[in-house]
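Shown here: coords09.tsv, TSV, C-alpha atoms.
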```
chain	number	residue	atom	x	y	z
A	824	MET	CA	-5.92	-4.81	-0.21
A	825	SER	CA	-5.04	-2.02	-2.58
A	826	GLU	CA	-7.04	-2.76	-5.71
A	827	GLY	CA	-10.80	-2.76	-6.07
A	828	TRP	CA	-13.43	-2.04	-3.45
A	829	SER	CA	-12.26	-3.83	-0.30
A	830	ALA	CA	-14.14	-5.21	2.68
A	831	THR	CA	-12.56	-6.41	5.91
A	832	VAL	CA	-14.84	-8.27	8.30
A	833	LEU	CA	-13.86	-8.75	11.94
A	834	THR	CA	-15.75	-11.74	13.31
A	835	LEU	CA	-15.60	-14.69	15.68
A	836	PHE	CA	-16.78	-16.87	12.78
A	837	PRO	CA	-14.65	-16.11	9.71
A	838	GLU	CA	-15.86	-19.33	8.10
A	839	MET	CA	-19.21	-17.60	7.50
A	840	PHE	CA	-17.56	-15.52	4.76
A	841	PRO	CA	-17.91	-15.13	1.85
A	842	GLY	CA	-20.92	-17.44	2.31
A	843	PRO	CA	-23.70	-16.32	-0.04
A	844	LEU	CA	-21.45	-13.53	-1.30
A	845	GLY	CA	-19.39	-16.19	-3.05
A	846	VAL	CA	-22.15	-16.96	-5.57
A	847	SER	CA	-24.31	-15.09	-8.09
A	848	LEU	CA	-23.49	-11.44	-8.89
A	849	ALA	CA	-21.35	-10.84	-5.81
A	850	GLY	CA	-19.43	-14.09	-6.32
A	851	ARG	CA	-18.65	-13.37	-9.95
A	852	ALA	CA	-17.56	-9.85	-9.02
A	853	LEU	CA	-15.33	-11.28	-6.29
A	854	GLU	CA	-13.68	-13.64	-8.76
A	855	ALA	CA	-13.24	-10.78	-11.23
A	856	GLY	CA	-11.49	-8.62	-8.64
A	857	ILE	CA	-14.19	-5.91	-8.63
A	858	TRP	CA	-14.23	-6.22	-4.86
A	859	ARG	CA	-12.03	-7.97	-2.31
A	860	LEU	CA	-12.81	-9.63	1.00
A	861	GLU	CA	-10.76	-10.36	4.10
A	862	ALA	CA	-12.36	-12.17	7.06
A	863	VAL	CA	-10.36	-11.77	10.27
A	864	ASP	CA	-10.85	-13.92	13.38
A	865	ILE	CA	-11.16	-11.67	16.43
A	866	ARG	CA	-10.29	-14.59	18.69
A	867	SER	CA	-6.77	-14.69	17.29
A	868	PHE	CA	-6.08	-11.41	19.14
A	869	ALA	CA	-6.93	-12.81	22.57
A	870	THR	CA	-3.92	-12.98	24.90
A	871	ASP	CA	-4.83	-15.63	27.49
A	872	ARG	CA	-4.50	-19.37	27.06
A	873	HIS	CA	-8.26	-19.79	26.76
A	874	ARG	CA	-8.41	-17.22	23.92
A	875	SER	CA	-11.10	-15.29	25.79
A	876	VAL	CA	-12.86	-12.54	23.85
A	877	ASP	CA	-15.62	-11.75	26.35
A	878	ASP	CA	-16.24	-11.24	30.05
A	879	THR	CA	-19.09	-10.63	32.48
A	880	PRO	CA	-20.85	-7.24	32.23
A	881	ALA	CA	-19.83	-4.53	34.68
A	882	GLY	CA	-22.71	-3.90	37.05
A	883	GLY	CA	-24.00	-7.45	36.70
A	884	GLY	CA	-26.68	-8.89	34.48
A	885	PRO	CA	-27.07	-11.77	32.05
A	886	GLY	CA	-24.79	-12.72	29.20
A	887	MET	CA	-21.28	-11.67	28.31
A	888	VAL	CA	-19.70	-8.58	26.73
A	889	MET	CA	-16.94	-8.48	24.12
A	890	ARG	CA	-13.71	-7.14	25.64
A	891	ALA	CA	-12.46	-3.72	24.60
A	892	ASP	CA	-8.79	-4.69	24.59
A	893	VAL	CA	-9.20	-7.74	22.35
A	894	VAL	CA	-11.47	-5.96	19.89
A	895	ALA	CA	-9.20	-2.90	19.79
A	896	ALA	CA	-6.20	-5.10	18.95
A	897	ALA	CA	-8.15	-6.73	16.11
A	898	VAL	CA	-9.34	-3.38	14.75
A	899	ASP	CA	-5.89	-1.81	14.92
A	900	ALA	CA	-4.35	-4.74	13.05
A	901	VAL	CA	-6.53	-4.24	9.99
A	902	HIS	CA	-7.76	-0.66	10.18
A	903	GLY	CA	-4.85	1.60	10.95
A	904	GLN	CA	-4.40	5.35	10.65
A	905	GLY	CA	-4.88	6.55	7.12
A	906	ASP	CA	-7.44	3.87	6.26
A	907	ALA	CA	-10.16	5.82	4.49
A	908	ARG	CA	-12.72	3.07	4.83
A	909	PRO	CA	-15.54	3.59	7.35
A	910	LEU	CA	-15.32	1.41	10.46
A	911	ILE	CA	-18.84	0.06	11.04
A	912	TYR	CA	-20.10	-1.88	14.02
A	913	LEU	CA	-23.27	-3.85	13.23
A	914	SER	CA	-25.55	-3.19	16.19
A	915	PRO	CA	-29.33	-3.23	16.79
A	916	ARG	CA	-29.00	0.17	18.45
A	917	GLY	CA	-27.27	1.75	15.46
A	918	ARG	CA	-28.73	4.08	12.86
A	919	PRO	CA	-30.94	2.20	10.38
A	920	LEU	CA	-29.15	1.33	7.16
A	921	THR	CA	-30.61	3.23	4.20
A	922	GLN	CA	-30.18	2.97	0.47
A	923	GLN	CA	-28.53	6.39	0.56
A	924	ARG	CA	-25.86	5.13	2.98
A	925	VAL	CA	-25.42	2.00	0.87
A	926	ARG	CA	-24.76	4.14	-2.19
A	927	GLU	CA	-22.27	6.28	-0.27
A	928	LEU	CA	-20.38	3.16	0.78
A	929	ALA	CA	-20.36	1.88	-2.80
A	930	GLU	CA	-18.81	5.13	-3.97
A	931	GLY	CA	-16.01	4.89	-1.40
A	932	PRO	CA	-12.89	2.71	-1.15
A	933	GLY	CA	-14.53	-0.03	0.89
A	934	VAL	CA	-15.52	-0.77	4.49
A	935	THR	CA	-14.33	-2.43	7.68
A	936	LEU	CA	-17.14	-4.27	9.46
A	937	LEU	CA	-17.15	-5.43	13.07
A	938	CYS	CA	-19.58	-8.22	13.91
A	939	GLY	CA	-20.73	-8.21	17.50
A	940	ARG	CA	-21.75	-11.24	19.54
A	941	PHE	CA	-23.09	-11.98	23.04
A	942	GLU	CA	-24.67	-8.93	24.72
A	943	GLY	CA	-22.60	-6.56	22.63
A	944	LEU	CA	-19.33	-4.68	22.69
A	945	ASP	CA	-17.63	-2.67	25.45
A	946	GLN	CA	-18.72	0.94	24.88
A	947	ARG	CA	-15.20	2.25	25.43
A	948	VAL	CA	-13.78	0.69	22.29
A	949	ILE	CA	-16.74	1.93	20.23
A	950	GLU	CA	-15.91	5.47	21.33
A	951	ALA	CA	-12.12	5.10	21.22
A	952	ARG	CA	-12.14	3.83	17.64
A	953	ASN	CA	-14.91	6.18	16.51
A	954	MET	CA	-17.09	3.37	15.16
A	955	GLU	CA	-20.20	4.04	13.12
A	956	GLU	CA	-23.05	1.93	14.51
A	957	VAL	CA	-25.44	0.57	11.90
A	958	SER	CA	-28.62	-1.47	12.30
A	959	LEU	CA	-30.58	-3.46	9.72
A	960	GLY	CA	-33.87	-2.89	11.53
A	961	ASP	CA	-35.84	-3.17	14.73
A	962	PHE	CA	-35.00	-6.77	15.51
A	963	VAL	CA	-32.16	-8.70	17.14
A	964	LEU	CA	-29.92	-11.27	15.45
A	965	SER	CA	-27.67	-13.84	17.13
A	966	GLY	CA	-24.67	-11.90	15.85
A	967	GLY	CA	-23.51	-9.26	13.42
A	968	GLU	CA	-22.49	-11.69	10.67
A	969	PRO	CA	-25.88	-11.93	8.89
A	970	ALA	CA	-26.14	-8.14	9.04
A	971	ALA	CA	-22.65	-7.79	7.58
A	972	LEU	CA	-23.55	-10.14	4.72
A	973	ALA	CA	-26.70	-8.15	3.99
A	974	LEU	CA	-24.88	-4.82	4.05
A	975	LEU	CA	-22.15	-6.11	1.75
A	976	ASP	CA	-24.67	-7.59	-0.67
A	977	ALA	CA	-26.51	-4.27	-0.88
A	978	VAL	CA	-23.29	-2.37	-1.57
A	979	ILE	CA	-21.57	-4.80	-3.93
A	980	ARG	CA	-24.43	-4.88	-6.40
A	981	LEU	CA	-23.97	-1.12	-6.89
A	982	LEU	CA	-20.27	-1.32	-7.73
A	983	PRO	CA	-19.43	-0.52	-11.37
A	984	GLY	CA	-19.45	-3.65	-13.49
A	985	VAL	CA	-21.48	-5.83	-11.11
A	986	MET	CA	-24.99	-5.40	-12.49
A	987	GLY	CA	-25.51	-5.90	-16.21
A	988	LYS	CA	-27.33	-2.63	-16.76
A	989	ASP	CA	-26.83	0.52	-14.73
A	990	ALA	CA	-30.53	1.28	-15.18
A	991	SER	CA	-31.47	-1.93	-13.39
A	992	GLY	CA	-30.81	-0.26	-10.05
A	993	GLU	CA	-32.39	3.10	-10.77
A	994	GLU	CA	-36.06	2.13	-10.37
A	995	GLU	CA	-35.72	-0.15	-7.36
A	996	SER	CA	-37.27	0.32	-3.96
A	997	PHE	CA	-35.89	3.19	-1.85
A	998	GLU	CA	-33.89	4.81	-4.69
A	999	SER	CA	-36.29	7.78	-4.77
A	1000	TRP	CA	-38.18	7.11	-1.49
A	1001	LEU	CA	-40.67	4.94	-3.40
A	1002	LEU	CA	-41.20	1.19	-3.19
A	1003	GLU	CA	-40.86	-0.66	-6.46
A	1004	TYR	CA	-43.86	-1.25	-8.75
A	1005	PRO	CA	-45.19	-4.83	-9.21
A	1006	HIS	CA	-43.68	-7.04	-11.90
A	1007	TYR	CA	-45.20	-9.54	-14.34
A	1008	THR	CA	-43.94	-12.00	-16.95
A	1009	ARG	CA	-45.14	-15.07	-18.88
A	1010	PRO	CA	-47.46	-16.95	-18.84
A	1011	GLN	CA	-50.03	-14.42	-20.03
A	1012	GLU	CA	-52.59	-15.90	-17.65
A	1013	PHE	CA	-51.93	-17.57	-14.30
A	1014	GLU	CA	-54.75	-19.19	-12.31
A	1015	GLY	CA	-57.28	-16.83	-13.85
A	1016	ARG	CA	-55.14	-13.75	-13.30
A	1017	GLY	CA	-53.93	-11.82	-16.32
A	1018	ILE	CA	-51.18	-9.31	-16.87
A	1019	PRO	CA	-52.41	-5.68	-16.69
A	1020	PRO	CA	-53.19	-4.78	-20.33
A	1021	VAL	CA	-51.13	-1.59	-20.25
A	1022	LEU	CA	-47.94	-3.65	-19.84
A	1023	THR	CA	-48.55	-5.48	-23.12
A	1024	SER	CA	-49.83	-2.43	-25.01
A	1025	GLY	CA	-46.46	-1.46	-26.43
A	1026	ASP	CA	-47.04	2.14	-25.32
A	1027	HIS	CA	-43.87	2.90	-23.36
A	1028	LYS	CA	-45.17	6.22	-22.07
A	1029	LYS	CA	-48.27	4.61	-20.60
A	1030	VAL	CA	-46.20	1.77	-19.13
A	1031	LYS	CA	-43.94	4.27	-17.41
A	1032	GLU	CA	-46.91	6.21	-16.06
A	1033	TRP	CA	-48.58	3.01	-14.80
A	1034	ARG	CA	-45.43	1.88	-13.03
A	1035	ARG	CA	-44.97	5.24	-11.38
A	1036	ALA	CA	-48.59	5.31	-10.22
A	1037	ARG	CA	-48.35	1.79	-8.76
A	1038	ALA	CA	-45.09	2.66	-6.99
A	1039	GLU	CA	-46.67	5.73	-5.41
A	1040	GLU	CA	-49.81	3.80	-4.45
A	1041	THR	CA	-47.85	0.96	-2.84
A	1042	THR	CA	-45.58	3.33	-0.93
A	1043	ARG	CA	-48.51	5.41	0.32
A	1044	GLU	CA	-50.33	2.30	1.58
A	1045	ARG	CA	-47.43	0.27	3.00
A	1046	ARG	CA	-44.79	2.80	4.05
A	1047	PRO	CA	-46.32	6.15	5.03
A	1048	ASP	CA	-42.93	7.13	6.48
A	1049	LEU	CA	-41.30	6.82	3.05
A	1050	TRP	CA	-44.28	8.53	1.42
A	1051	GLU	CA	-43.76	11.59	3.61
A	1052	LYS	CA	-40.08	11.68	2.64
A	1053	PHE	CA	-41.03	11.39	-1.02
A	1054	LEU	CA	-43.47	14.30	-0.73
A	1055	ARG	CA	-40.86	16.44	1.04
A	1056	GLU	CA	-38.27	15.64	-1.62
A	1057	ARG	CA	-40.69	16.50	-4.41
A	1058	SER	CA	-41.85	19.82	-2.90
```
As structure tokens, please, write out the structure in this file.
Amino acid sequence: MSEGWSATVLTLFPEMFPGPLGVSLAGRALEAGIWRLEAVDIRSFATDRHRSVDDTPAGGGPGMVMRADVVAAAVDAVHGQGDARPLIYLSPRGRPLTQQRVRELAEGPGVTLLCGRFEGLDQRVIEARNMEEVSLGDFVLSGGEPAALALLDAVIRLLPGVMGKDASGEEESFESWLLEYPHYTRPQEFEGRGIPPVLTSGDHKKVKEWRRARAEETTRERRPDLWEKFLRERS
């Protein structure tokens, strides 16, 4: 995978990819070669006749844990020495994914994603392969695949040539620690609700000021944590 931004996904369910990434902006970019995708079945690296990828947790407890040796073999087959792409393990205990990290990934050569299942992954392989643990938020999914799809979608849309206008991503939520302002379009009136007059005034300066004020107001009310970051950045 030498040309374009490349993503390798290690998963027990390779049939889940490209999934939604095969349509819309990401799908067109995939067809155009702007980015490339390889989905690798972790189970193909199992060595026993049952193709086992998990085992009971050391110390007891419910569920199963993905084996270090099987996962390490899968990782080493696709992410060898000299691979400049980050190796990311999607995990609910990882650092929350931010727009800043998304932009950093978009500016790099690509990413290798490991999708966990069951109770998680043997800690030893996480440490041995120096994996970056990333979380989408404070909730638990049935596996890392939906998180991998979301991460890839967030990154791919920032790749050069994917979005029609570069400016379309500059005023979105989280780009400057502010949530996005509300949007309106036709019809002029909907169920007794009109479009704010300033947006149809033709005064671009006032429109910009209104949008900024609404973005600040929404962020202050809904995400005080982001509002504090915005104030720190501005000071």
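Excluding A:Gly984 and any residue on its chain fewer than 6 positions from it, the residues at most 12 Å away by all atoms listed in the file are A:Gly827, A:Trp828, A:Leu848, A:Ala849, A:Arg851, A:Ala852, A:Leu853, A:Ala855, A:Gly856, A:Ile857, A:Trp858.
One distance worth recording is that between atom CA of A:Ala971 and atom CA of A:Val957, which is 9.8 Å.
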| note | Taken to one decimal, the atom CA of A:Phe997-atom CA of A:Lys1052 distance is 10.5 Å
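Proximity ranking of A:Ile949, A:Cys938, A:Ala907, A:Met839 relative to A:Ala891 places A:Ile949 first, based on all atoms listed in the file.
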| Distance query A:Thr1008 at most 12 Å, all atoms listed in the file, self and fewer than 4 positions along chain excluded, as a PyMOL selection string | chain A and resi 1012-1013+1016-1019+1022-1023
| field | Counting only C-alpha atoms, the option among A:Gly933, A:Pro837, A:Pro969, A:Pro983 closest to A:Ser867 | value | A:Pro837
Could you please fill out stretch 852-886 of chain A with N, CA and C atoms and send it back as a PDB file, keeping the file's coordinate frame?
```
ATOM      1  N   ALA A 852     -18.326 -11.087  -9.189  1.00  0.00           N
ATOM      2  CA  ALA A 852     -17.560  -9.850  -9.020  1.00  0.00           C
ATOM      3  C   ALA A 852     -16.339 -10.075  -8.144  1.00  0.00           C
ATOM      4  N   LEU A 853     -16.458 -10.949  -7.155  1.00  0.00           N
ATOM      5  CA  LEU A 853     -15.330 -11.280  -6.290  1.00  0.00           C
ATOM      6  C   LEU A 853     -14.238 -11.983  -7.085  1.00  0.00           C
ATOM      7  N   GLU A 854     -14.635 -12.931  -7.920  1.00  0.00           N
ATOM      8  CA  GLU A 854     -13.680 -13.640  -8.760  1.00  0.00           C
ATOM      9  C   GLU A 854     -13.010 -12.714  -9.763  1.00  0.00           C
ATOM     10  N   ALA A 855     -13.762 -11.721 -10.231  1.00  0.00           N
ATOM     11  CA  ALA A 855     -13.240 -10.780 -11.230  1.00  0.00           C
ATOM     12  C   ALA A 855     -12.369  -9.698 -10.607  1.00  0.00           C
ATOM     13  N   GLY A 856     -12.317  -9.632  -9.297  1.00  0.00           N
ATOM     14  CA  GLY A 856     -11.490  -8.620  -8.640  1.00  0.00           C
ATOM     15  C   GLY A 856     -12.159  -7.260  -8.519  1.00  0.00           C
ATOM     16  N   ILE A 857     -13.478  -7.186  -8.781  1.00  0.00           N
ATOM     17  CA  ILE A 857     -14.190  -5.910  -8.630  1.00  0.00           C
ATOM     18  C   ILE A 857     -14.236  -5.503  -7.163  1.00  0.00           C
ATOM     19  N   TRP A 858     -14.307  -6.499  -6.293  1.00  0.00           N
ATOM     20  CA  TRP A 858     -14.230  -6.220  -4.860  1.00  0.00           C
ATOM     21  C   TRP A 858     -13.396  -7.316  -4.206  1.00  0.00           C
ATOM     22  N   ARG A 859     -12.883  -7.028  -3.026  1.00  0.00           N
ATOM     23  CA  ARG A 859     -12.030  -7.970  -2.310  1.00  0.00           C
ATOM     24  C   ARG A 859     -12.528  -8.129  -0.884  1.00  0.00           C
ATOM     25  N   LEU A 860     -12.300  -9.313  -0.326  1.00  0.00           N
ATOM     26  CA  LEU A 860     -12.810  -9.630   1.000  1.00  0.00           C
ATOM     27  C   LEU A 860     -11.730 -10.250   1.862  1.00  0.00           C
ATOM     28  N   GLU A 861     -11.649  -9.776   3.104  1.00  0.00           N
ATOM     29  CA  GLU A 861     -10.760 -10.360   4.100  1.00  0.00           C
ATOM     30  C   GLU A 861     -11.581 -10.584   5.370  1.00  0.00           C
ATOM     31  N   ALA A 862     -11.672 -11.848   5.812  1.00  0.00           N
ATOM     32  CA  ALA A 862     -12.360 -12.170   7.060  1.00  0.00           C
ATOM     33  C   ALA A 862     -11.319 -12.455   8.132  1.00  0.00           C
ATOM     34  N   VAL A 863     -11.372 -11.697   9.216  1.00  0.00           N
ATOM     35  CA  VAL A 863     -10.360 -11.770  10.270  1.00  0.00           C
ATOM     36  C   VAL A 863     -10.988 -12.298  11.550  1.00  0.00           C
ATOM     37  N   ASP A 864     -10.353 -13.295  12.155  1.00  0.00           N
ATOM     38  CA  ASP A 864     -10.850 -13.920  13.380  1.00  0.00           C
ATOM     39  C   ASP A 864     -10.457 -13.075  14.591  1.00  0.00           C
ATOM     40  N   ILE A 865     -11.427 -12.492  15.257  1.00  0.00           N
ATOM     41  CA  ILE A 865     -11.160 -11.670  16.430  1.00  0.00           C
ATOM     42  C   ILE A 865     -10.477 -12.474  17.528  1.00  0.00           C
ATOM     43  N   ARG A 866     -10.827 -13.747  17.624  1.00  0.00           N
ATOM     44  CA  ARG A 866     -10.290 -14.590  18.690  1.00  0.00           C
ATOM     45  C   ARG A 866      -8.767 -14.731  18.608  1.00  0.00           C
ATOM     46  N   SER A 867      -8.212 -14.560  17.432  1.00  0.00           N
ATOM     47  CA  SER A 867      -6.770 -14.690  17.290  1.00  0.00           C
ATOM     48  C   SER A 867      -6.006 -13.561  17.978  1.00  0.00           C
ATOM     49  N   PHE A 868      -6.724 -12.531  18.451  1.00  0.00           N
ATOM     50  CA  PHE A 868      -6.080 -11.410  19.140  1.00  0.00           C
ATOM     51  C   PHE A 868      -6.236 -11.506  20.659  1.00  0.00           C
ATOM     52  N   ALA A 869      -6.845 -12.589  21.130  1.00  0.00           N
ATOM     53  CA  ALA A 869      -6.930 -12.810  22.570  1.00  0.00           C
ATOM     54  C   ALA A 869      -5.539 -13.153  23.105  1.00  0.00           C
ATOM     55  N   THR A 870      -5.279 -12.815  24.349  1.00  0.00           N
ATOM     56  CA  THR A 870      -3.920 -12.980  24.900  1.00  0.00           C
ATOM     57  C   THR A 870      -3.809 -14.061  25.965  1.00  0.00           C
ATOM     58  N   ASP A 871      -4.924 -14.590  26.462  1.00  0.00           N
ATOM     59  CA  ASP A 871      -4.830 -15.630  27.490  1.00  0.00           C
ATOM     60  C   ASP A 871      -4.888 -17.013  26.836  1.00  0.00           C
ATOM     61  N   ARG A 872      -4.580 -18.030  27.626  1.00  0.00           N
ATOM     62  CA  ARG A 872      -4.500 -19.370  27.060  1.00  0.00           C
ATOM     63  C   ARG A 872      -5.858 -19.931  26.642  1.00  0.00           C
ATOM     64  N   HIS A 873      -6.927 -19.347  27.149  1.00  0.00           N
ATOM     65  CA  HIS A 873      -8.260 -19.790  26.760  1.00  0.00           C
ATOM     66  C   HIS A 873      -8.801 -19.019  25.539  1.00  0.00           C
ATOM     67  N   ARG A 874      -8.019 -18.064  25.064  1.00  0.00           N
ATOM     68  CA  ARG A 874      -8.410 -17.220  23.920  1.00  0.00           C
ATOM     69  C   ARG A 874      -9.752 -16.537  24.198  1.00  0.00           C
ATOM     70  N   SER A 875      -9.857 -15.938  25.368  1.00  0.00           N
ATOM     71  CA  SER A 875     -11.100 -15.290  25.790  1.00  0.00           C
ATOM     72  C   SER A 875     -11.315 -13.979  25.043  1.00  0.00           C
ATOM     73  N   VAL A 876     -12.518 -13.781  24.546  1.00  0.00           N
ATOM     74  CA  VAL A 876     -12.860 -12.540  23.850  1.00  0.00           C
ATOM     75  C   VAL A 876     -13.969 -11.786  24.575  1.00  0.00           C
ATOM     76  N   ASP A 877     -14.498 -12.359  25.655  1.00  0.00           N
ATOM     77  CA  ASP A 877     -15.620 -11.750  26.350  1.00  0.00           C
ATOM     78  C   ASP A 877     -15.453 -11.911  27.853  1.00  0.00           C
ATOM     79  N   ASP A 878     -16.270 -11.156  28.596  1.00  0.00           N
ATOM     80  CA  ASP A 878     -16.240 -11.240  30.050  1.00  0.00           C
ATOM     81  C   ASP A 878     -17.603 -10.796  30.579  1.00  0.00           C
ATOM     82  N   THR A 879     -17.803 -10.970  31.889  1.00  0.00           N
ATOM     83  CA  THR A 879     -19.090 -10.630  32.480  1.00  0.00           C
ATOM     84  C   THR A 879     -19.311  -9.114  32.458  1.00  0.00           C
ATOM     85  N   PRO A 880     -20.564  -8.682  32.310  1.00  0.00           N
ATOM     86  CA  PRO A 880     -20.850  -7.240  32.230  1.00  0.00           C
ATOM     87  C   PRO A 880     -20.618  -6.522  33.551  1.00  0.00           C
ATOM     88  N   ALA A 881     -20.001  -5.369  33.482  1.00  0.00           N
ATOM     89  CA  ALA A 881     -19.830  -4.530  34.680  1.00  0.00           C
ATOM     90  C   ALA A 881     -21.207  -4.114  35.178  1.00  0.00           C
ATOM     91  N   GLY A 882     -21.415  -4.237  36.484  1.00  0.00           N
ATOM     92  CA  GLY A 882     -22.710  -3.900  37.050  1.00  0.00           C
ATOM     93  C   GLY A 882     -23.645  -5.091  37.146  1.00  0.00           C
ATOM     94  N   GLY A 883     -23.192  -6.243  36.625  1.00  0.00           N
ATOM     95  CA  GLY A 883     -24.000  -7.450  36.700  1.00  0.00           C
ATOM     96  C   GLY A 883     -24.986  -7.562  35.552  1.00  0.00           C
ATOM     97  N   GLY A 884     -25.693  -8.661  35.523  1.00  0.00           N
ATOM     98  CA  GLY A 884     -26.680  -8.890  34.480  1.00  0.00           C
ATOM     99  C   GLY A 884     -26.353 -10.136  33.676  1.00  0.00           C
ATOM    100  N   PRO A 885     -27.259 -10.538  32.804  1.00  0.00           N
ATOM    101  CA  PRO A 885     -27.070 -11.770  32.050  1.00  0.00           C
ATOM    102  C   PRO A 885     -26.095 -11.602  30.894  1.00  0.00           C
ATOM    103  N   GLY A 886     -25.606 -12.729  30.407  1.00  0.00           N
ATOM    104  CA  GLY A 886     -24.790 -12.720  29.200  1.00  0.00           C
ATOM    105  C   GLY A 886     -23.366 -12.268  29.431  1.00  0.00           C
TER     106      GLY A 886
END
```
